[in-house]
Every structure is written in structure tokens, then in C-alpha cells.
Amino acid sequence: MRFLVFIAPNNFRDETVSTIKMFFERWGIDYDISSYSKKECVGAHGAVYSPSVNTNVAAVGNYDGIVLVDGNGIEDYKLYEYRPLLDLLLQFNSQNKIIGAVNNAIKVVARANIINGKKMVVPDDVETKRAILLFHGVPSDKNVEISGNIATMKGSSLETQVHELLQHIGAI
């Protein structure tokens with residue numbers, strides 16, 4: 001099993017990336033860190049990652065899914081309007097591959113227009129809630145919601161949420 005982990009060029013949530021990496025490594029899931037920047041990406045608390053795959057050239061066929069990491073970088077770079085990322089999500093969705101999003105990264109999935117009728121976690125972010133409703137997602141008050149091939153998570157207890165996601169995809 002292999003996943004693409006998408007991060008913003010700056011201001012992504014370091015703790016989200018480290019939690020995802022910890023579980024993926026624990027359960028033998030391969031992953032590539034991806035961003036649309038070729039430079040080192042710096043998290044909100046200073047973690048530095050060099051993307052191994054540029055999002056613009058990521059081949060969906062090489063992955064079983066994608067996880068979008070949250071953080072202020074989603075807003076700083078308006079990633080919910082970044083067409084290559086939205087197109088990549090459309091490709092993952094058309095092949096029914098897992099699409100995971102944490103907190104405010106859920107807005108990116110909503111804006112890709114792939115959530116019609118799917119249950120979506122609603123973080124404490126008015127804009128994300130608006131996007132979910134606009135693109136006909138079904139708001140959920142849970143911390144983890146898995147609806148078809150889309151998994152959305154909110155809150156600070158990511159360990160439990162990532163564990164649920166991995167159980168859902170049959171990785172553990």
C-alpha cells in the first residue's frame with residue numbers, strides 16, 4: 001500500500017504530518033510527501049520536509065490514496081483554488097481511491113466537487129462548512145467520517161482518527 005501525503009509549501013501542521021508518518025511507518029505503508037513547491041516545505045512549528053513528488057506530476061496510478069494535511073498554509077496559498085491539486089483529487093476520486101483530509105484541508109476536497117451526497121466532518125471553520133454545503137456534502141458532527149472513498153477528520157486527537165482511517169482501508 002502506498003499513499004501520497006500532500007502538504008502546503010509553508011505553515012502546514014507539523015503534528016499532523018508526524019502522526020500520519022508514525023502510523024504509516026508502524027504499519028508498513030509506503031508514502032511520498034508531496035507539495036506543489038520543489039523547495040523544502042516548513043511547518044508551522046518549524047518541521048522541514050523536502051517533497052519527494054511534485055503535486056503537478058504525481059501519477060495517481062502509483063498510489064492507493066492521498067491525505068491532505070491541514071494548517072494555515074491551506075488558507076495562505078488558497079490551495080482550495082489550486083487547479084492542479086483539485087484535478088489530482090478528481091483523478092483519485094474517479095479511480096475510487098482513498099482521499100483523506102484533516103481539519104481545514106477538508107475545504108480542498110469540497111472544492112474539488114467530489115462530495116455530492118457524502119458525509120463530511122465539519123471543522124470549526126465557517127468557510128469549510130459553507131463549501132461542504134455548496135458542493136452538496138452532508139455535514140457530520142463526528143470527529144471522523146468515512147463516506148465511500150472519502151475520509152475526513154477533525155480535532156487534535158489525530159492518533160485515533162488516523163487509526164480509524166487505516167482500519168477502514170484495510171491497512172491494519
# chains A, B, ... in the order shown; residues from 1 in each chain; ligands from 1
call {"tool": "select_by_dssp", "arguments": {"residues": "chain A", "states": "alpha helix (DSSP H)", "output": "PyMOL selection string"}}
result
chain A and resi 14-26+73-76+83-94+106-111+126-134+158-168
call {"tool": "residues_around", "arguments": {"residues": "Lys97 of chain A", "least_positions_apart": "5", "cutoff": "9 Å", "atoms": "only C-alpha atoms", "output": "PyMOL selection string"}}
result
chain A and resi 60+63-66+91-92+149-150
call {"tool": "closest_residue", "arguments": {"among": "A:Tyr80, A:Phe24, A:Tyr36, A:Phe135", "to": "Ser52 of chain A", "atoms": "only C-alpha atoms"}}
result
A:Tyr36
call {"tool": "closest_atom_pairs", "arguments": {"of": "segment 43-85 of chain A", "to": "segment 117-130 of chain A", "cutoff": "12 Å", "atoms": "only C-alpha atoms", "output": "JSON lines"}}
result
{"residue": "A:Asp70", "atom": "CA", "partner": "A:Pro123", "partner_atom": "CA", "distance": 10.9}
{"residue": "A:Asn72", "atom": "CA", "partner": "A:Asp125", "partner_atom": "CA", "distance": 11.9}
{"residue": "A:Ile74", "atom": "CA", "partner": "A:Thr128", "partner_atom": "CA", "distance": 11.3}
{"residue": "A:Glu75", "atom": "CA", "partner": "A:Glu127", "partner_atom": "CA", "distance": 10.4}
{"residue": "A:Tyr80", "atom": "CA", "partner": "A:Thr128", "partner_atom": "CA", "distance": 10.0}
call {"tool": "closest_residue", "arguments": {"among": "A:Trp27, A:Tyr82, A:Phe6, A:Tyr77", "to": "Ser50 of chain A", "atoms": "only C-alpha atoms"}}
result
A:Phe6
call {"tool": "atom_distance", "arguments": {"atom1": "atom CA of His136 of chain A", "atom2": "atom CA of Gly71 of chain A"}}
result
23.9 Å
call {"tool": "closest_residue", "arguments": {"among": "A:Met153, A:Val53, A:Leu79, A:Ile132", "to": "Ile99 of chain A", "atoms": "only C-alpha atoms"}}
result
A:Met153
call {"tool": "residues_around", "arguments": {"residues": "Leu68 of chain A", "least_positions_apart": "4", "cutoff": "7 Å", "atoms": "only C-alpha atoms", "output": "VMD selection string"}}
result
chain A and resid 5 to 7 100 to 102 105
